[in-house]
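Worksheet: one structure, shown below.
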Amino acid sequence: MLYILAAILIFGVLIGVHELGHFLAAKACGVRVNEFAIGMGPAILKKQKGDTLYALRLFPVGGFCAMEGEDEDSDDPSALNNQGFWKKLLIYAAGAFMNFLTGLLIILILYSGAKAFYAPIIVGFADGCPLVSENGLQVGDTIRSIDRERVYMFNDVSMLLGRNTDGTFDLTLRRNGQKVVLKDFPMERREYTSADGGTYTGFGITFGTEEATFGKRIAYSWNNAIDFVRLVRLSIQMLISGEAGVKDLSGPVGIVSTMTEVGEQSATVRDAVENIAYFAALIAVNLAVMNLLPLPALDGGKIFFLVINTVAMLLFKRQIPAKYENYIHFAGLILLLGLMLVITFQDVWKLFT
């Protein structure tokens with residue numbers, strides 16, 4: 001139960017942080033915020049300060065930032081609809097930026113005490129491995145990309161090798177300070193003898209580590225966050241290509257369930273905290289990317305219409321009336337809520353089956 005409550009709280013905090021990003025950007029741009037609320041449901045604490053009502057609401061899940069001129073045009077000079085392109089862009093993108101920043105900070109904290117990192121640096125090969133040669137792989141090579149996908153972290157190697165279906169790879173390596181490209185390089189999994197005398201199936205490559213200096217911790221944390229962004233992109237590509245379907249998606253119930261499972265399967269309380277925090281960082285970056293997709297009702301949809309209207313004004317001296325844009329966003333919201341209900345039903349069904 002403790003992990004369930006922690007997971008629900010974390011999910012709510014991430015949504016609240018998103019709204020905080022909009023709030024801070026709006027205030028910085030001089031846009032009037034009618035209400036900024038932490039939590040949802042009935043208000044248990046309220047305080048009016050200037051033009052803004054600050055509220056703490058009963059349910060600690062999410063929050064909202066209600067800006068003047070956000071849903072309909074207003075004559076107030078400080079309304080959102082009366083601001084210029086760059087201010088609107090900043091406000092719309094600020095929520096996603098705060099989510100990404102939150103994920104990055106969590107990763108930085110988790111790696112702050114690291115002494116070393118696993119790295120995609122080849123330090124050896126299993127006996128009989130056919131991949132090592134003058135024209136192939138060599139000890140000391142650093143794998144930079146696989147099939148034109150950047151290797152940000154050590155774990156990317158197995159993930160990217162596993163995505164390949166034809167057994168030939170385009171590899172980019174760093175060797176003695178020089179860039180080396182292996183085009184259509186054949187690699188296949190074989191059975192090898194491990195150091196303890198057992199057997200395993202793999203590519204027969206042994207990777208090493210690198211010291212976690214202060215600069216390496218910063219770079220590794222940044223690469224980890226960017227790797228999360230790439231995971232979202234790959235997931236979307238799989239949905240479009242049909243490799244994955246709606247049944248593979250998870251909503252709030254599925255996310256909370258996964259966080260709980262991560263906590264319960266951890267060996268110690270400290271491990272549980274670190275593992276849940278790492279998963280929270282993944283969700284934070286995921287929320288950032290998903291919110292920037294150019295879909296109605298999302299921040300990315302608002303940015304999309306902002307660009308369309310700006311171009312339309314330059315070319316035709318006209319733009320899409322606000323009420324029609326709101327209709328589109330409302331329709332998009334209904335569709336997203338419908339999709340969320342389907343995904344939530346699936347998540348609940350998985351819990352009982």
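Residue names in the structure tokens use chain letters A, B, ... in the order shown, residue numbers from 1 in each chain, and ligand numbers from 1 in the order shown.
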Per-residue nearest contacts stretch 39-103 of chain A to stretch 214-231 of chain A, cut-off 10 Å, using only C-alpha atoms, as CSV:
```
residue,atom,partner,partner_atom,distance
A:Phe100,CA,A:Ala225,CA,7.8
A:Leu101,CA,A:Ala225,CA,9.2
A:Gly103,CA,A:Ala225,CA,7.0
```
>> For A:Thr165, find every residue with an atom within 12 Å (counting only C-alpha atoms), except residues of its own chain fewer than 6 positions away, and show them as JSON, numbers by chain.
In response: {"A": [147, 186, 187, 188]}
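Counting only C-alpha atoms and comparing A:Ile121, A:Ala322, A:Leu89, A:Ile343, the residue that lies closest to A:Phe304 is A:Leu89.
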>> Given only C-alpha atoms as the basis, pick out the residue of A:Val139, A:Ile236, A:Val181, A:Leu24 nearest to A:Thr206.
In response: A:Val139
> Can you list, as a ChimeraX atom specification, every residue of stretch 29-275 of chain A that DSSP puts in helix (DSSP H, G or I)?
Replying inline: /A:80-82,85-111,154-163,214-241,246-248,252-264,269-275
Write the selection just made, keeping C-alpha atoms, as a PDB file, in the first residue's frame?
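Contents of the output file selection.pdb:
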```pdb
ATOM      1  CA  LEU A  80      -2.902  35.286 -23.082  1.00  0.00           C
ATOM      2  CA  ASN A  81      -4.707  35.887 -26.371  1.00  0.00           C
ATOM      3  CA  ASN A  82      -3.248  39.418 -26.546  1.00  0.00           C
ATOM      4  CA  PHE A  85       4.216  34.831 -30.698  1.00  0.00           C
ATOM      5  CA  TRP A  86       7.291  34.323 -28.528  1.00  0.00           C
ATOM      6  CA  LYS A  87       5.499  34.835 -25.219  1.00  0.00           C
ATOM      7  CA  LYS A  88       2.779  32.371 -26.174  1.00  0.00           C
ATOM      8  CA  LEU A  89       5.365  29.850 -27.372  1.00  0.00           C
ATOM      9  CA  LEU A  90       7.292  30.165 -24.117  1.00  0.00           C
ATOM     10  CA  ILE A  91       4.161  29.683 -22.000  1.00  0.00           C
ATOM     11  CA  TYR A  92       2.891  26.711 -24.005  1.00  0.00           C
ATOM     12  CA  ALA A  93       6.291  24.968 -23.955  1.00  0.00           C
ATOM     13  CA  ALA A  94       7.102  25.726 -20.307  1.00  0.00           C
ATOM     14  CA  GLY A  95       5.109  22.802 -18.898  1.00  0.00           C
ATOM     15  CA  ALA A  96       6.977  20.254 -20.997  1.00  0.00           C
ATOM     16  CA  PHE A  97      10.275  21.977 -20.211  1.00  0.00           C
ATOM     17  CA  MET A  98       9.607  21.673 -16.472  1.00  0.00           C
ATOM     18  CA  ASN A  99       8.788  17.971 -16.844  1.00  0.00           C
ATOM     19  CA  PHE A 100      12.016  17.369 -18.770  1.00  0.00           C
ATOM     20  CA  LEU A 101      14.007  19.402 -16.243  1.00  0.00           C
ATOM     21  CA  THR A 102      12.455  17.412 -13.386  1.00  0.00           C
ATOM     22  CA  GLY A 103      13.426  14.128 -15.019  1.00  0.00           C
ATOM     23  CA  LEU A 104      16.968  15.390 -15.639  1.00  0.00           C
ATOM     24  CA  LEU A 105      17.374  16.579 -12.027  1.00  0.00           C
ATOM     25  CA  ILE A 106      16.186  13.229 -10.675  1.00  0.00           C
ATOM     26  CA  ILE A 107      18.757  11.425 -12.832  1.00  0.00           C
ATOM     27  CA  LEU A 108      21.510  13.841 -11.735  1.00  0.00           C
ATOM     28  CA  ILE A 109      20.694  13.148  -8.080  1.00  0.00           C
ATOM     29  CA  LEU A 110      20.646   9.381  -8.632  1.00  0.00           C
ATOM     30  CA  TYR A 111      24.051   9.466 -10.358  1.00  0.00           C
ATOM     31  CA  PHE A 154      25.652   1.124 -22.419  1.00  0.00           C
ATOM     32  CA  ASN A 155      22.121  -0.356 -22.274  1.00  0.00           C
ATOM     33  CA  ASP A 156      21.426   1.015 -25.759  1.00  0.00           C
ATOM     34  CA  VAL A 157      23.777  -1.563 -27.272  1.00  0.00           C
ATOM     35  CA  SER A 158      21.614  -4.578 -26.416  1.00  0.00           C
ATOM     36  CA  MET A 159      18.401  -2.671 -27.189  1.00  0.00           C
ATOM     37  CA  LEU A 160      19.552  -1.524 -30.639  1.00  0.00           C
ATOM     38  CA  LEU A 161      21.127  -4.870 -31.525  1.00  0.00           C
ATOM     39  CA  GLY A 162      17.853  -6.550 -30.562  1.00  0.00           C
ATOM     40  CA  ARG A 163      15.807  -4.307 -32.892  1.00  0.00           C
ATOM     41  CA  PHE A 214      31.961  15.103 -12.303  1.00  0.00           C
ATOM     42  CA  GLY A 215      31.863  15.861 -16.018  1.00  0.00           C
ATOM     43  CA  LYS A 216      30.984  12.242 -16.845  1.00  0.00           C
ATOM     44  CA  ARG A 217      28.098  12.328 -14.352  1.00  0.00           C
ATOM     45  CA  ILE A 218      26.684  15.447 -16.033  1.00  0.00           C
ATOM     46  CA  ALA A 219      27.126  14.000 -19.525  1.00  0.00           C
ATOM     47  CA  TYR A 220      25.739  10.575 -18.542  1.00  0.00           C
ATOM     48  CA  SER A 221      22.687  12.151 -16.901  1.00  0.00           C
ATOM     49  CA  TRP A 222      21.998  14.285 -19.978  1.00  0.00           C
ATOM     50  CA  ASN A 223      22.445  11.297 -22.303  1.00  0.00           C
ATOM     51  CA  ASN A 224      20.111   9.253 -20.103  1.00  0.00           C
ATOM     52  CA  ALA A 225      17.400  11.928 -20.394  1.00  0.00           C
ATOM     53  CA  ILE A 226      17.871  12.147 -24.174  1.00  0.00           C
ATOM     54  CA  ASP A 227      17.721   8.357 -24.317  1.00  0.00           C
ATOM     55  CA  PHE A 228      14.295   8.548 -22.632  1.00  0.00           C
ATOM     56  CA  VAL A 229      13.207  10.959 -25.374  1.00  0.00           C
ATOM     57  CA  ARG A 230      14.379   8.458 -27.991  1.00  0.00           C
ATOM     58  CA  LEU A 231      12.394   5.658 -26.300  1.00  0.00           C
ATOM     59  CA  VAL A 232       9.223   7.720 -26.712  1.00  0.00           C
ATOM     60  CA  ARG A 233      10.020   8.295 -30.396  1.00  0.00           C
ATOM     61  CA  LEU A 234      10.678   4.617 -30.994  1.00  0.00           C
ATOM     62  CA  SER A 235       7.431   3.718 -29.219  1.00  0.00           C
ATOM     63  CA  ILE A 236       5.477   6.113 -31.445  1.00  0.00           C
ATOM     64  CA  GLN A 237       7.179   4.648 -34.527  1.00  0.00           C
ATOM     65  CA  MET A 238       6.139   1.165 -33.396  1.00  0.00           C
ATOM     66  CA  LEU A 239       2.533   2.322 -32.970  1.00  0.00           C
ATOM     67  CA  ILE A 240       2.503   3.848 -36.460  1.00  0.00           C
ATOM     68  CA  SER A 241       4.142   0.808 -38.073  1.00  0.00           C
ATOM     69  CA  VAL A 246      -3.229   0.257 -28.050  1.00  0.00           C
ATOM     70  CA  LYS A 247      -3.091  -2.894 -25.889  1.00  0.00           C
ATOM     71  CA  ASP A 248       0.610  -2.165 -25.295  1.00  0.00           C
ATOM     72  CA  PRO A 252      -2.201   6.268 -14.939  1.00  0.00           C
ATOM     73  CA  VAL A 253      -3.401   2.964 -13.453  1.00  0.00           C
ATOM     74  CA  GLY A 254      -0.773   1.009 -15.373  1.00  0.00           C
ATOM     75  CA  ILE A 255       1.953   3.492 -14.428  1.00  0.00           C
ATOM     76  CA  VAL A 256       1.054   3.351 -10.734  1.00  0.00           C
ATOM     77  CA  SER A 257       0.908  -0.446 -10.940  1.00  0.00           C
ATOM     78  CA  THR A 258       4.356  -0.597 -12.554  1.00  0.00           C
ATOM     79  CA  MET A 259       5.852   1.788  -9.985  1.00  0.00           C
ATOM     80  CA  THR A 260       4.395  -0.362  -7.214  1.00  0.00           C
ATOM     81  CA  GLU A 261       5.819  -3.509  -8.790  1.00  0.00           C
ATOM     82  CA  VAL A 262       9.235  -1.857  -9.126  1.00  0.00           C
ATOM     83  CA  GLY A 263       9.176  -0.967  -5.430  1.00  0.00           C
ATOM     84  CA  GLU A 264       8.000  -4.377  -4.232  1.00  0.00           C
ATOM     85  CA  VAL A 269      14.070   0.171   0.803  1.00  0.00           C
ATOM     86  CA  ARG A 270      16.922   2.236  -0.619  1.00  0.00           C
ATOM     87  CA  ASP A 271      16.854   0.230  -3.842  1.00  0.00           C
ATOM     88  CA  ALA A 272      13.072   0.704  -4.000  1.00  0.00           C
ATOM     89  CA  VAL A 273      13.403   4.480  -3.606  1.00  0.00           C
ATOM     90  CA  GLU A 274      16.116   4.694  -6.272  1.00  0.00           C
ATOM     91  CA  ASN A 275      14.282   2.426  -8.719  1.00  0.00           C
TER      92      ASN A 275
END
```
> Can you list, as number ranges by chain, every protein, DNA or RNA residue that comes within 12 Å of stretch 166-180 of chain A when you count only C-alpha atoms, leaving out same-chain residues fewer than 2 positions away?
Replying inline: A: 120-122, 131, 134-151, 157, 160-164, 182-189, 203
Any chance you could export the current selection's N, CA and C atoms as an mmCIF file, in the first residue's frame?
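Listed below is the output, part32.cif:
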```
data_model
loop_
_atom_site.group_PDB
_atom_site.id
_atom_site.type_symbol
_atom_site.label_atom_id
_atom_site.label_comp_id
_atom_site.auth_asym_id
_atom_site.auth_seq_id
_atom_site.Cartn_x
_atom_site.Cartn_y
_atom_site.Cartn_z
ATOM 1 N N PRO A 120 29.936 1.583 -23.549
ATOM 2 C CA PRO A 120 29.971 0.748 -24.774
ATOM 3 C C PRO A 120 31.382 0.647 -25.344
ATOM 4 N N ILE A 121 32.347 0.366 -24.471
ATOM 5 C CA ILE A 121 33.745 0.236 -24.860
ATOM 6 C C ILE A 121 34.110 -1.244 -24.839
ATOM 7 N N ILE A 122 34.562 -1.786 -25.951
ATOM 8 C CA ILE A 122 34.896 -3.207 -26.046
ATOM 9 C C ILE A 122 36.231 -3.478 -25.351
ATOM 10 N N LEU A 131 33.780 -11.898 -34.718
ATOM 11 C CA LEU A 131 33.587 -10.468 -34.980
ATOM 12 C C LEU A 131 34.892 -9.673 -34.916
ATOM 13 N N GLU A 134 40.862 -7.364 -38.299
ATOM 14 C CA GLU A 134 41.382 -6.064 -38.722
ATOM 15 C C GLU A 134 40.299 -5.217 -39.372
ATOM 16 N N ASN A 135 39.378 -5.887 -40.077
ATOM 17 C CA ASN A 135 38.288 -5.172 -40.751
ATOM 18 C C ASN A 135 36.973 -5.252 -39.975
ATOM 19 N N GLY A 136 37.037 -5.781 -38.759
ATOM 20 C CA GLY A 136 35.843 -5.894 -37.937
ATOM 21 C C GLY A 136 35.990 -5.121 -36.646
ATOM 22 N N LEU A 137 35.541 -5.709 -35.560
ATOM 23 C CA LEU A 137 35.634 -5.077 -34.255
ATOM 24 C C LEU A 137 36.981 -5.374 -33.618
ATOM 25 N N GLN A 138 37.428 -4.451 -32.747
ATOM 26 C CA GLN A 138 38.697 -4.619 -32.064
ATOM 27 C C GLN A 138 38.579 -4.153 -30.616
ATOM 28 N N VAL A 139 39.462 -4.699 -29.773
ATOM 29 C CA VAL A 139 39.510 -4.256 -28.379
ATOM 30 C C VAL A 139 39.849 -2.761 -28.347
ATOM 31 N N GLY A 140 39.108 -2.018 -27.542
ATOM 32 C CA GLY A 140 39.313 -0.573 -27.444
ATOM 33 C C GLY A 140 38.309 0.235 -28.239
ATOM 34 N N ASP A 141 37.555 -0.422 -29.124
ATOM 35 C CA ASP A 141 36.526 0.284 -29.902
ATOM 36 C C ASP A 141 35.409 0.771 -28.983
ATOM 37 N N THR A 142 34.944 1.984 -29.238
ATOM 38 C CA THR A 142 33.750 2.507 -28.578
ATOM 39 C C THR A 142 32.631 2.553 -29.605
ATOM 40 N N ILE A 143 31.524 1.884 -29.320
ATOM 41 C CA ILE A 143 30.399 1.868 -30.257
ATOM 42 C C ILE A 143 29.629 3.173 -30.128
ATOM 43 N N ARG A 144 29.564 3.927 -31.210
ATOM 44 C CA ARG A 144 28.911 5.245 -31.204
ATOM 45 C C ARG A 144 27.483 5.186 -31.735
ATOM 46 N N SER A 145 27.239 4.318 -32.722
ATOM 47 C CA SER A 145 25.880 4.202 -33.240
ATOM 48 C C SER A 145 25.677 2.819 -33.845
ATOM 49 N N ILE A 146 24.425 2.369 -33.840
ATOM 50 C CA ILE A 146 24.038 1.087 -34.412
ATOM 51 C C ILE A 146 22.835 1.327 -35.321
ATOM 52 N N ASP A 147 22.985 0.993 -36.585
ATOM 53 C CA ASP A 147 21.911 1.199 -37.563
ATOM 54 C C ASP A 147 21.393 2.641 -37.525
ATOM 55 N N ARG A 148 22.332 3.568 -37.481
ATOM 56 C CA ARG A 148 22.063 5.022 -37.531
ATOM 57 C C ARG A 148 21.337 5.541 -36.291
ATOM 58 N N GLU A 149 21.283 4.747 -35.247
ATOM 59 C CA GLU A 149 20.732 5.211 -33.975
ATOM 60 C C GLU A 149 21.893 5.413 -33.003
ATOM 61 N N ARG A 150 21.979 6.585 -32.405
ATOM 62 C CA ARG A 150 23.068 6.928 -31.500
ATOM 63 C C ARG A 150 23.041 6.027 -30.260
ATOM 64 N N VAL A 151 24.215 5.595 -29.830
ATOM 65 C CA VAL A 151 24.359 4.871 -28.573
ATOM 66 C C VAL A 151 24.651 5.900 -27.489
ATOM 67 N N VAL A 157 23.150 -0.584 -26.384
ATOM 68 C CA VAL A 157 23.777 -1.563 -27.272
ATOM 69 C C VAL A 157 22.882 -2.785 -27.440
ATOM 70 N N LEU A 160 19.462 -1.800 -29.206
ATOM 71 C CA LEU A 160 19.552 -1.524 -30.639
ATOM 72 C C LEU A 160 19.937 -2.775 -31.426
ATOM 73 N N LEU A 161 20.804 -3.611 -30.857
ATOM 74 C CA LEU A 161 21.127 -4.870 -31.525
ATOM 75 C C LEU A 161 19.894 -5.760 -31.611
ATOM 76 N N GLY A 162 19.048 -5.718 -30.580
ATOM 77 C CA GLY A 162 17.853 -6.550 -30.562
ATOM 78 C C GLY A 162 16.784 -6.097 -31.536
ATOM 79 N N ARG A 163 16.812 -4.816 -31.954
ATOM 80 C CA ARG A 163 15.807 -4.307 -32.892
ATOM 81 C C ARG A 163 16.083 -4.753 -34.324
ATOM 82 N N ASN A 164 17.324 -5.121 -34.612
ATOM 83 C CA ASN A 164 17.695 -5.513 -35.967
ATOM 84 C C ASN A 164 17.099 -6.878 -36.305
ATOM 85 N N LEU A 182 31.518 0.583 -40.126
ATOM 86 C CA LEU A 182 31.373 -0.774 -40.659
ATOM 87 C C LEU A 182 29.990 -0.881 -41.280
ATOM 88 N N LYS A 183 29.942 -1.005 -42.601
ATOM 89 C CA LYS A 183 28.676 -1.046 -43.331
ATOM 90 C C LYS A 183 28.266 -2.496 -43.560
ATOM 91 N N ASP A 184 26.984 -2.795 -43.314
ATOM 92 C CA ASP A 184 26.450 -4.146 -43.522
ATOM 93 C C ASP A 184 27.334 -5.199 -42.853
ATOM 94 N N PHE A 185 27.689 -4.946 -41.619
ATOM 95 C CA PHE A 185 28.573 -5.841 -40.868
ATOM 96 C C PHE A 185 27.758 -6.996 -40.299
ATOM 97 N N PRO A 186 28.069 -8.257 -40.666
ATOM 98 C CA PRO A 186 27.269 -9.390 -40.196
ATOM 99 C C PRO A 186 27.573 -9.741 -38.738
ATOM 100 N N MET A 187 26.535 -9.902 -37.949
ATOM 101 C CA MET A 187 26.665 -10.303 -36.555
ATOM 102 C C MET A 187 25.518 -11.248 -36.219
ATOM 103 N N GLU A 188 25.839 -12.330 -35.558
ATOM 104 C CA GLU A 188 24.786 -13.247 -35.142
ATOM 105 C C GLU A 188 25.079 -13.779 -33.747
ATOM 106 N N ARG A 189 24.039 -14.118 -33.046
ATOM 107 C CA ARG A 189 24.193 -14.675 -31.698
ATOM 108 C C ARG A 189 24.643 -16.127 -31.803
ATOM 109 N N PHE A 203 26.637 -12.242 -28.525
ATOM 110 C CA PHE A 203 27.539 -11.854 -29.608
ATOM 111 C C PHE A 203 29.001 -12.082 -29.241
#
```
> Got a sec: who's within 9 Å of stretch 46-56 of chain A, counting only C-alpha atoms, leaving out chain neighbours fewer than 4 positions off, as a list in words?
Replying inline: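 Once the nearby chain positions are removed, what remains is Arg32, Val33, Asn34, Glu35, Phe36, Ala37, Ile38, Gly39, Met40, Pro42, Pro60 and Gly63 of chain A.
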> Do you know which residues are at most 12 Å from A:Leu295 counting only C-alpha atoms, after dropping those on the same chain fewer than 6 positions away, and could you put them as a PyMOL selection string?
Replying inline: chain A and resi 289+301-305+328-333+335-336
> With only C-alpha atoms as the atoms that count, which of A:Ala280, A:Ala212, A:Leu339, A:Leu315 lies nearest to A:Ala116?
Replying inline: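 Residue with the minimum atom-to-atom distance to A:Ala116: A:Ala212.
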> What is the distance, in Å and to one decimal place, between atom CA of A:Ala7 and atom CA of A:Phe279?
Replying inline: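 Between atom CA of A:Ala7 and atom CA of A:Phe279 the gap is 10.0 Å.
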>> With only C-alpha atoms as the counted atoms, please give the residues lying no more than 12 Å from A:Thr199, apart from itself and same-chain residues fewer than 4 positions off, as an MDAnalysis selection string.
In response: chainID A and resid 126:127 190:195 204
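Distance annotation: of A:Val285, A:Ala66, A:Leu306, A:Leu20, the residue with the minimal separation from A:Gln319 is A:Leu306; atom set is only C-alpha atoms.
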>> So that I can check the secondary structure, give me every residue of stretch 8-80 of chain A assigned strand (DSSP E) by backbone DSSP, as a PyMOL selection string.
In response: chain A and resi 33-49+52-67
Prev. selection, C-alpha atoms, output as a PDB file, in the first residue's frame:
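Result written to again_23.pdb:
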```pdb
ATOM      1  CA  VAL A  33      -3.269  34.025 -14.048  1.00  0.00           C
ATOM      2  CA  ASN A  34      -6.753  33.856 -12.544  1.00  0.00           C
ATOM      3  CA  GLU A  35      -6.046  30.760 -10.470  1.00  0.00           C
ATOM      4  CA  PHE A  36      -3.143  28.475  -9.769  1.00  0.00           C
ATOM      5  CA  ALA A  37      -4.110  25.297  -7.947  1.00  0.00           C
ATOM      6  CA  ILE A  38      -2.139  22.437  -6.464  1.00  0.00           C
ATOM      7  CA  GLY A  39      -4.255  19.286  -6.462  1.00  0.00           C
ATOM      8  CA  MET A  40      -7.744  18.753  -7.795  1.00  0.00           C
ATOM      9  CA  GLY A  41     -11.247  18.697  -6.370  1.00  0.00           C
ATOM     10  CA  PRO A  42     -12.683  20.992  -3.663  1.00  0.00           C
ATOM     11  CA  ALA A  43     -10.386  23.734  -2.372  1.00  0.00           C
ATOM     12  CA  ILE A  44      -9.262  23.321   1.240  1.00  0.00           C
ATOM     13  CA  LEU A  45      -7.086  26.460   1.327  1.00  0.00           C
ATOM     14  CA  LYS A  46      -7.394  29.641  -0.727  1.00  0.00           C
ATOM     15  CA  LYS A  47      -5.461  32.883  -0.814  1.00  0.00           C
ATOM     16  CA  GLN A  48      -5.937  35.796  -3.188  1.00  0.00           C
ATOM     17  CA  LYS A  49      -2.719  37.625  -4.011  1.00  0.00           C
ATOM     18  CA  THR A  52      -4.234  35.351  -8.823  1.00  0.00           C
ATOM     19  CA  LEU A  53      -6.137  33.005  -6.540  1.00  0.00           C
ATOM     20  CA  TYR A  54      -3.780  30.412  -5.074  1.00  0.00           C
ATOM     21  CA  ALA A  55      -5.538  27.228  -3.997  1.00  0.00           C
ATOM     22  CA  LEU A  56      -4.657  23.944  -2.349  1.00  0.00           C
ATOM     23  CA  ARG A  57      -7.218  21.348  -3.344  1.00  0.00           C
ATOM     24  CA  LEU A  58      -8.283  18.143  -1.646  1.00  0.00           C
ATOM     25  CA  PHE A  59      -6.888  15.464  -3.946  1.00  0.00           C
ATOM     26  CA  PRO A  60      -3.048  15.598  -4.259  1.00  0.00           C
ATOM     27  CA  VAL A  61      -3.092  14.713  -7.948  1.00  0.00           C
ATOM     28  CA  GLY A  62      -2.075  17.309 -10.514  1.00  0.00           C
ATOM     29  CA  GLY A  63      -3.213  20.904 -10.554  1.00  0.00           C
ATOM     30  CA  PHE A  64      -4.030  23.624 -13.055  1.00  0.00           C
ATOM     31  CA  CYS A  65      -3.054  27.103 -14.190  1.00  0.00           C
ATOM     32  CA  ALA A  66      -6.093  29.107 -15.387  1.00  0.00           C
ATOM     33  CA  MET A  67      -4.889  32.036 -17.509  1.00  0.00           C
TER      34      MET A  67
END
```
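You will find atom CA of A:Pro296 at 27.3 Å from atom CA of A:Leu9.
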> What is the distance, in Å and to one decimal place, between atom CA of A:Gly197 and atom CA of A:Ser133?
Replying inline: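 Interatomic distance here is 24.8 Å.
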> Which is closest to A:Ala6 among A:Ala26, A:Ile276, A:Ile308, A:Ala281, if we use only C-alpha atoms?
Replying inline: A:Ile276
